[in-house]
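Okay, my_file-v4.pdb is below, PDB, C-alpha atoms:
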```pdb
ATOM      1  CA  MET N 158      21.210 220.852 169.528
ATOM      2  CA  GLU N 159      20.089 219.263 166.278
ATOM      3  CA  LYS N 160      17.283 221.194 164.639
ATOM      4  CA  THR N 161      14.330 219.592 162.887
ATOM      5  CA  ALA N 162      11.197 220.641 161.061
ATOM      6  CA  ALA N 163       7.616 219.971 162.094
ATOM      7  CA  ALA N 164       4.783 219.082 159.737
ATOM      8  CA  VAL N 165       1.241 220.003 160.755
ATOM      9  CA  VAL N 166      -1.511 218.163 158.855
ATOM     10  CA  LEU N 167      -4.874 219.873 159.250
ATOM     11  CA  ALA N 168      -7.827 217.473 159.419
ATOM     12  CA  SER N 169     -10.231 219.441 161.603
ATOM     13  CA  GLY N 170     -12.601 220.725 158.912
ATOM     14  CA  ALA N 171     -15.989 219.211 158.160
ATOM     15  CA  GLY N 172     -15.597 218.840 154.398
ATOM     16  CA  THR N 173     -19.342 218.819 153.729
ATOM     17  CA  ARG N 174     -19.182 219.462 149.970
ATOM     18  CA  VAL N 175     -17.898 215.973 149.277
ATOM     19  CA  GLY N 176     -21.346 214.707 150.310
ATOM     20  CA  ALA N 177     -20.290 212.084 152.863
ATOM     21  CA  LYS N 178     -21.515 211.646 156.426
ATOM     22  CA  VAL N 179     -17.949 211.133 157.655
ATOM     23  CA  ASN N 180     -15.215 213.781 157.577
ATOM     24  CA  LYS N 181     -13.843 213.567 154.025
ATOM     25  CA  VAL N 182     -10.229 213.075 155.141
ATOM     26  CA  TYR N 183     -11.224 209.669 156.543
ATOM     27  CA  LEU N 184     -12.881 208.445 153.360
ATOM     28  CA  PRO N 185     -11.233 205.427 151.703
ATOM     29  CA  LEU N 186      -8.765 206.111 148.912
ATOM     30  CA  ALA N 187      -6.829 203.321 147.192
ATOM     31  CA  GLY N 188      -6.847 201.076 150.240
ATOM     32  CA  ARG N 189      -6.118 203.736 152.874
ATOM     33  CA  ARG N 190      -7.941 206.689 154.347
ATOM     34  CA  VAL N 191      -7.316 210.032 152.634
ATOM     35  CA  VAL N 192      -5.326 211.574 155.493
ATOM     36  CA  ALA N 193      -2.990 208.570 155.718
ATOM     37  CA  TRP N 194      -1.506 209.419 152.319
ATOM     38  CA  SER N 195      -0.479 212.923 153.432
ATOM     39  CA  LEU N 196       0.999 211.694 156.703
ATOM     40  CA  ASP N 197       2.984 209.032 154.863
ATOM     41  CA  ALA N 198       4.464 211.595 152.458
ATOM     42  CA  PHE N 199       5.716 213.781 155.318
ATOM     43  CA  ALA N 200       7.001 210.776 157.252
ATOM     44  CA  ARG N 201       9.283 209.957 154.306
ATOM     45  CA  VAL N 202      11.038 213.357 154.297
ATOM     46  CA  PRO N 203      14.290 213.090 156.317
ATOM     47  CA  GLY N 204      14.270 216.736 157.441
ATOM     48  CA  ILE N 205      10.930 216.408 159.210
ATOM     49  CA  GLY N 206      11.236 215.004 162.716
ATOM     50  CA  VAL N 207       7.864 215.981 164.180
ATOM     51  CA  LEU N 208       4.442 215.098 162.764
ATOM     52  CA  VAL N 209       1.278 216.708 164.149
ATOM     53  CA  LEU N 210      -2.270 215.825 163.123
ATOM     54  CA  VAL N 211      -4.975 218.364 163.983
ATOM     55  CA  ILE N 212      -8.371 216.698 164.389
ATOM     56  CA  ARG N 213     -11.939 217.294 165.511
ATOM     57  CA  PRO N 214     -12.662 215.655 168.891
ATOM     58  CA  GLN N 215     -15.524 213.676 167.327
ATOM     59  CA  ASP N 216     -13.059 212.099 164.863
ATOM     60  CA  THR N 217     -10.792 210.678 167.574
ATOM     61  CA  GLU N 218     -11.652 207.035 166.892
ATOM     62  CA  LEU N 219     -11.092 207.403 163.138
ATOM     63  CA  ALA N 220      -7.827 209.250 163.735
ATOM     64  CA  GLN N 221      -6.576 206.527 166.073
ATOM     65  CA  GLU N 222      -7.301 203.930 163.398
ATOM     66  CA  VAL N 223      -5.173 205.870 160.906
ATOM     67  CA  LEU N 224      -2.363 206.537 163.364
ATOM     68  CA  ALA N 225      -2.047 202.876 164.303
ATOM     69  CA  GLY N 226       0.033 202.524 161.166
ATOM     70  CA  PHE N 227       2.566 205.193 162.187
ATOM     71  CA  ASP N 228       4.072 203.568 165.305
ATOM     72  CA  GLY N 229       3.303 206.453 167.654
ATOM     73  CA  ARG N 230       5.207 208.970 165.554
ATOM     74  CA  VAL N 231       2.249 211.321 165.042
ATOM     75  CA  GLU N 232       1.154 213.732 167.773
ATOM     76  CA  VAL N 233      -2.535 214.690 167.949
ATOM     77  CA  VAL N 234      -3.953 218.166 168.633
ATOM     78  CA  HIS N 235      -7.602 219.226 168.699
ATOM     79  CA  GLY N 236      -8.582 221.927 166.252
ATOM     80  CA  GLY N 237     -10.421 225.194 166.850
ATOM     81  CA  ASP N 238     -13.477 226.887 165.374
ATOM     82  CA  THR N 239     -11.530 228.201 162.360
ATOM     83  CA  ARG N 240      -8.575 227.028 160.321
ATOM     84  CA  GLN N 241      -6.426 229.734 161.866
ATOM     85  CA  ALA N 242      -7.462 228.707 165.381
ATOM     86  CA  SER N 243      -6.549 225.115 164.546
ATOM     87  CA  GLU N 244      -3.154 226.201 163.286
ATOM     88  CA  LEU N 245      -2.614 228.270 166.421
ATOM     89  CA  ASN N 246      -3.460 225.248 168.607
ATOM     90  CA  ALA N 247      -0.823 223.246 166.748
ATOM     91  CA  LEU N 248       1.764 226.015 167.070
ATOM     92  CA  ARG N 249       1.105 226.358 170.796
ATOM     93  CA  HIS N 250       1.567 222.596 171.089
ATOM     94  CA  LEU N 251       4.954 223.000 169.388
ATOM     95  CA  ALA N 252       5.841 226.240 171.200
ATOM     96  CA  PRO N 253       8.259 224.750 173.793
ATOM     97  CA  ARG N 254      10.252 223.115 170.996
ATOM     98  CA  ILE N 255      10.125 226.258 168.855
ATOM     99  CA  THR N 256      11.257 228.639 171.589
ATOM    100  CA  GLY N 257      13.786 226.085 172.768
ATOM    101  CA  GLY N 258      15.370 226.005 169.324
ATOM    102  CA  ARG N 259      14.667 222.383 168.461
ATOM    103  CA  VAL N 260      12.006 223.031 165.789
ATOM    104  CA  ASP N 261      13.249 225.609 163.272
ATOM    105  CA  ALA N 262      10.600 225.317 160.546
ATOM    106  CA  VAL N 263       6.915 224.403 160.353
ATOM    107  CA  LEU N 264       5.069 223.130 157.291
ATOM    108  CA  LEU N 265       1.265 223.312 157.327
ATOM    109  CA  HIS N 266      -0.719 221.064 155.019
ATOM    110  CA  ASP N 267      -4.354 220.338 154.188
ATOM    111  CA  ALA N 268      -5.165 216.703 154.931
ATOM    112  CA  ALA N 269      -7.512 216.865 151.931
ATOM    113  CA  ARG N 270      -4.468 216.997 149.604
ATOM    114  CA  PRO N 271      -3.486 213.306 149.763
ATOM    115  CA  LEU N 272      -1.340 213.247 146.630
ATOM    116  CA  VAL N 273       1.411 215.531 147.917
ATOM    117  CA  HIS N 274       4.750 213.819 147.360
ATOM    118  CA  PRO N 275       7.965 213.886 149.408
ATOM    119  CA  GLU N 276       9.863 215.728 146.670
ATOM    120  CA  LEU N 277       7.482 218.707 146.856
ATOM    121  CA  VAL N 278       7.590 218.667 150.660
ATOM    122  CA  GLY N 279      11.378 218.647 150.532
ATOM    123  CA  ALA N 280      11.443 221.562 148.084
ATOM    124  CA  VAL N 281       9.161 223.651 150.306
ATOM    125  CA  LEU N 282      11.244 222.830 153.374
ATOM    126  CA  ALA N 283      14.526 223.717 151.642
ATOM    127  CA  ARG N 284      13.197 227.079 150.441
ATOM    128  CA  THR N 285      11.697 227.779 153.874
ATOM    129  CA  ARG N 286      15.032 227.256 155.577
ATOM    130  CA  GLU N 287      16.805 229.334 152.961
ATOM    131  CA  ASP N 288      14.462 232.334 152.771
ATOM    132  CA  GLY N 289      12.040 232.128 155.707
ATOM    133  CA  GLY N 290       8.790 231.235 153.957
ATOM    134  CA  ALA N 291       7.662 229.169 150.967
ATOM    135  CA  VAL N 292       4.385 228.235 149.285
ATOM    136  CA  PRO N 293       3.893 225.867 146.347
ATOM    137  CA  GLY N 294       1.653 226.898 143.507
ATOM    138  CA  LEU N 295       0.746 226.429 139.860
ATOM    139  CA  ALA N 296       0.660 229.179 137.256
ATOM    140  CA  ALA N 297      -2.916 230.460 136.984
ATOM    141  CA  ASP N 298      -3.157 231.417 133.327
ATOM    142  CA  ASP N 299      -6.972 231.468 133.485
ATOM    143  CA  VAL N 300      -7.199 234.065 136.288
ATOM    144  CA  VAL N 301      -8.414 237.512 135.204
ATOM    145  CA  GLU N 302      -9.354 240.754 136.918
ATOM    146  CA  VAL N 303     -12.276 243.023 136.089
ATOM    147  CA  ASP N 304     -12.068 246.793 136.569
ATOM    148  CA  ALA N 305     -14.872 249.240 137.391
ATOM    149  CA  GLY N 306     -15.806 249.430 133.737
ATOM    150  CA  HIS N 307     -16.111 245.632 133.503
ATOM    151  CA  LEU N 308     -13.006 245.359 131.331
ATOM    152  CA  VAL N 309     -11.258 242.033 131.638
ATOM    153  CA  ALA N 310      -7.480 241.732 131.902
ATOM    154  CA  GLN N 311      -5.173 238.845 132.715
ATOM    155  CA  VAL N 312      -3.364 238.923 136.042
ATOM    156  CA  PRO N 313       0.367 238.546 135.285
ATOM    157  CA  GLY N 314       2.239 236.167 137.530
ATOM    158  CA  ALA N 315      -0.859 234.821 139.328
ATOM    159  CA  ILE N 316      -0.572 231.371 140.885
ATOM    160  CA  ARG N 317      -2.979 228.890 142.443
ATOM    161  CA  VAL N 318      -1.533 228.294 145.890
ATOM    162  CA  GLN N 319      -1.271 224.773 147.281
ATOM    163  CA  THR N 320      -0.006 223.299 150.525
ATOM    164  CA  PRO N 321       2.231 222.573 152.367
ATOM    165  CA  GLN N 322       3.113 226.155 153.199
ATOM    166  CA  GLY N 323       6.353 226.440 155.129
ATOM    167  CA  PHE N 324       7.651 229.135 157.490
ATOM    168  CA  ARG N 325      10.478 229.737 159.903
ATOM    169  CA  ALA N 326       9.049 228.523 163.208
ATOM    170  CA  GLY N 327       9.763 231.427 165.570
ATOM    171  CA  PRO N 328       8.302 234.210 163.397
ATOM    172  CA  LEU N 329       5.334 231.978 162.530
ATOM    173  CA  LEU N 330       4.437 231.451 166.181
ATOM    174  CA  GLU N 331       4.871 235.167 166.933
ATOM    175  CA  ALA N 332       2.699 236.189 163.976
ATOM    176  CA  TYR N 333      -0.126 233.855 164.995
ATOM    177  CA  GLU N 334      -0.066 235.029 168.597
ATOM    178  CA  GLN N 335      -0.212 238.643 167.419
ATOM    179  CA  ALA N 336      -3.079 237.842 165.045
ATOM    180  CA  GLU N 337      -4.941 236.256 167.950
ATOM    181  CA  ARG N 338      -4.419 239.350 170.116
ATOM    182  CA  GLU N 339      -5.670 241.645 167.344
ATOM    183  CA  GLY N 340      -8.570 239.435 166.259
ATOM    184  CA  PHE N 341      -7.262 239.089 162.700
ATOM    185  CA  VAL N 342      -8.381 236.061 160.676
ATOM    186  CA  GLY N 343      -6.554 235.493 157.400
ATOM    187  CA  THR N 344      -7.555 233.451 154.376
ATOM    188  CA  ASP N 345      -4.565 231.126 154.805
ATOM    189  CA  THR N 346      -1.247 230.869 156.606
ATOM    190  CA  SER N 347       0.651 233.100 154.182
ATOM    191  CA  SER N 348      -1.907 235.930 154.517
ATOM    192  CA  CYS N 349      -1.374 235.968 158.270
ATOM    193  CA  MET N 350       2.394 236.003 157.802
ATOM    194  CA  GLU N 351       2.221 238.805 155.249
ATOM    195  CA  ARG N 352       0.372 240.933 157.788
ATOM    196  CA  PHE N 353       2.375 240.221 160.928
ATOM    197  CA  SER N 354       5.834 239.205 159.744
ATOM    198  CA  SER N 355       8.577 240.669 157.559
ATOM    199  CA  LEU N 356       9.703 237.241 156.355
ATOM    200  CA  PRO N 357       9.869 236.946 152.559
ATOM    201  CA  ILE N 358       7.567 234.259 151.174
ATOM    202  CA  ARG N 359       8.925 232.547 148.074
ATOM    203  CA  TRP N 360       7.132 230.549 145.407
ATOM    204  CA  VAL N 361       7.991 226.901 144.836
ATOM    205  CA  PRO N 362       6.593 225.165 141.724
ATOM    206  CA  GLY N 363       3.645 223.049 142.813
ATOM    207  CA  ALA N 364       2.439 219.760 141.379
ATOM    208  CA  PRO N 365      -0.695 219.320 139.224
ATOM    209  CA  GLU N 366      -1.514 216.055 141.025
ATOM    210  CA  ASN N 367      -1.454 217.808 144.423
ATOM    211  CA  LEU N 368      -5.199 218.329 144.150
ATOM    212  CA  LYS N 369      -7.604 219.031 146.987
ATOM    213  CA  ILE N 370     -10.458 216.617 147.667
ATOM    214  CA  THR N 371     -13.537 218.860 147.631
ATOM    215  CA  TYR N 372     -16.205 217.077 145.598
ATOM    216  CA  PRO N 373     -16.964 213.362 145.037
ATOM    217  CA  HIS N 374     -15.355 213.296 141.593
ATOM    218  CA  ASP N 375     -12.051 214.455 143.126
ATOM    219  CA  LEU N 376     -11.820 211.095 144.891
ATOM    220  CA  VAL N 377     -12.221 209.330 141.563
ATOM    221  CA  VAL N 378      -9.466 211.435 139.987
ATOM    222  CA  ALA N 379      -7.163 210.870 142.966
ATOM    223  CA  GLU N 380      -7.752 207.115 142.823
ATOM    224  CA  ARG N 381      -6.800 207.041 139.149
ATOM    225  CA  LEU N 382      -3.651 209.092 139.756
ATOM    226  CA  LEU N 383      -2.563 206.779 142.567
ATOM    227  CA  ALA N 384      -3.204 203.764 140.339
ATOM    228  CA  ARG N 385      -0.528 205.044 137.967
TER     229      ARG N 385
END
```
Kindly present the structure from the file in structure tokens form.
Amino acid sequence: MEKTAAAVVLASGAGTRVGAKVNKVYLPLAGRRVVAWSLDAFARVPGIGVLVLVIRPQDTELAQEVLAGFDGRVEVVHGGDTRQASELNALRHLAPRITGGRVDAVLLHDAARPLVHPELVGAVLARTREDGGAVPGLAADDVVEVDAGHLVAQVPGAIRVQTPQGFRAGPLLEAYEQAEREGFVGTDTSSCMERFSSLPIRWVPGAPENLKITYPHDLVVAERLLAR
């Protein structure tokens, strides 16, 4: 059986800080909606054979408009009340293919990071298959810690984590099911894996342009980067 990887693009958040009435991942960006850029990047990576978009039920019409350009390749899953619940819904959707051995790796990505490029996706996937887990990130030279006496010190080796975060599929599904049973909610995918899995998680150099759309000016920056 030929194995493939699955990409899960998370678009089930509200994104209220961007100040729009519509979910920010459906805002226009350089002639397409924000989420379409992420889906297109994953669709161009040969090792990824399954694409899953996690949406809010109320965004179904907008999602269908976006997916019309992907020839039925993208599968749709409804999200949950939290990011972790949304990820679990996606993993349960993939579970038969994971347990059956067809899907060997899963990459999870924020739809609000439209400038991710296939080369970064490929690097995360390669490291995931090699070591079991991989997250992209940028060196965080401006991150400091403060002790009880209010002394400031730099944090050596700190990084600003991006997405996609990739993990071996079987352990990822097991970790999320265990987290659900124990009522644990992590800050992101890697925090859940650190708690419930022994898989090593390796760092992959991220990309400065792989920014997250959070505020209105981020859309302006993203538009200018795409124009290049």
> If you apply the PyMOL selection byres ((chain N and resi 370-385) around 12) to this file, what residues do you get, as a ChimeraX atom specification?
Replying inline: /N:170-177,180-192,194,267-274,365-369
>> Show me, as a list in words, the residues that have an atom within 6 Å of Ala297 in chain N when counting all atoms listed in the file, minus same-chain residues fewer than 6 positions from it.
In response: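 Here the qualifying residues turn out to be Ala315, Ile316 and Arg317 of chain N.
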Write the residues of the selection above to a file with C-alpha atoms, as a JSON list (two decimals), in the frame of the given file.
```json
[["chain", "number", "residue", "atom", "x", "y", "z"],
["N", 315, "ALA", "CA", -0.86, 234.82, 139.33],
["N", 316, "ILE", "CA", -0.57, 231.37, 140.88],
["N", 317, "ARG", "CA", -2.98, 228.89, 142.44]]
```
Extract, using all atoms listed in the file, all DNA, RNA and protein residues at most 8 Å from Phe324 in chain N, discarding same-chain residues fewer than 3 positions from it, and format them as an mmCIF file with C-alpha atoms, in the coordinates of the input.
```cif
data_model
loop_
_atom_site.group_PDB
_atom_site.id
_atom_site.type_symbol
_atom_site.label_atom_id
_atom_site.label_comp_id
_atom_site.auth_asym_id
_atom_site.auth_seq_id
_atom_site.Cartn_x
_atom_site.Cartn_y
_atom_site.Cartn_z
ATOM 1 C CA ALA N 262 10.600 225.317 160.546
ATOM 2 C CA VAL N 263 6.915 224.403 160.353
ATOM 3 C CA LEU N 264 5.069 223.130 157.291
ATOM 4 C CA THR N 285 11.697 227.779 153.874
ATOM 5 C CA ARG N 286 15.032 227.256 155.577
ATOM 6 C CA GLY N 289 12.040 232.128 155.707
ATOM 7 C CA GLY N 290 8.790 231.235 153.957
ATOM 8 C CA ALA N 291 7.662 229.169 150.967
ATOM 9 C CA PRO N 328 8.302 234.210 163.397
ATOM 10 C CA LEU N 329 5.334 231.978 162.530
#
```
> So which one's closest to Thr256 in chain N, N:Pro214, N:Pro275, N:Gly206, N:Gly327? Using all atoms listed in the file, please.
Replying inline: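 Closest to Thr256 in chain N, using all atoms listed in the file: N:Gly327.
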> Neighbours of Leu248 in chain N within 10 Å (all atoms listed in the file; same-chain residues fewer than 2 positions away dropped), as a list in words?
Replying inline: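 The filter keeps Ala163, Val165, Val209, Val234, Ala242, Ser243, Glu244, Leu245, Asn246, His250, Leu251, Ala252, Pro253, Arg254, Ile255, Val263, Ala326, Gly327, Leu329, Leu330, Glu331, Tyr333 and Glu334 of chain N.
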>> Considering only C-alpha atoms, can you say which of N:Ala193, N:Val211, N:Pro362, N:Val202 comes closest to Ala225 in chain N?
In response: N:Ala193
> Which residue gives the smallest distance to Arg259 in chain N among N:Val207, N:Met350, N:Ala200, N:Arg230, with only C-alpha atoms counted?
Replying inline: N:Val207
> Any idea what's packed within 6 Å of Ile212 in chain N, counting only C-alpha atoms, ignoring anything in its chain fewer than 3 positions away? Could you give it as number ranges by chain?
Replying inline: N: 168-169, 235-236
Now that the selection is made, can you save its residues with C-alpha atoms as an mmCIF file, in the coordinates of the input?
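What landed in out-v2.cif:
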```cif
data_model
loop_
_atom_site.group_PDB
_atom_site.id
_atom_site.type_symbol
_atom_site.label_atom_id
_atom_site.label_comp_id
_atom_site.auth_asym_id
_atom_site.auth_seq_id
_atom_site.Cartn_x
_atom_site.Cartn_y
_atom_site.Cartn_z
ATOM 1 C CA ALA N 168 -7.827 217.473 159.419
ATOM 2 C CA SER N 169 -10.231 219.441 161.603
ATOM 3 C CA HIS N 235 -7.602 219.226 168.699
ATOM 4 C CA GLY N 236 -8.582 221.927 166.252
#
```
>> Considering all atoms listed in the file, can you say which of N:Asp238, N:Glu339, N:Asp228, N:Asp261 comes closest to Ile205 in chain N?
In response: N:Asp261
>> If I take CA of Thr320 in chain N and CA of Val292 in chain N, how far is one from the other in Å, to one decimal?
In response: 6.7 Å
>> Residues proximal to (9.3, 236.0, 150.3) were defined as those with any atom within 7 Å of that point in the file's coordinates, counting all atoms listed in the file. Which are they, as a PyMOL selection string?
In response: chain N and resi 288+290+356-359
>> Can you pull out the residues contacting Val318 in chain N? Cut-off 9 Å, using only C-alpha atoms, and skip same-chain residues under 4 positions away; I want them as number ranges by chain.
In response: N: 292-296, 322, 360, 363
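Interatomic distance, CA of Thr346 in chain N against CA of Gly229 in chain N: 27.2 Å.
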The centre and edge lengths of an axis-aligned box containing all atoms of range 187-203 of chain N present in the file, extended by 3 Å on each side, are to be given in Å to one decimal, as AutoDock Vina command-line options.
```
--center_x 3.2 --center_y 207.4 --center_z 152.2 --size_x 28.2 --size_y 18.7 --size_z 16.1
```
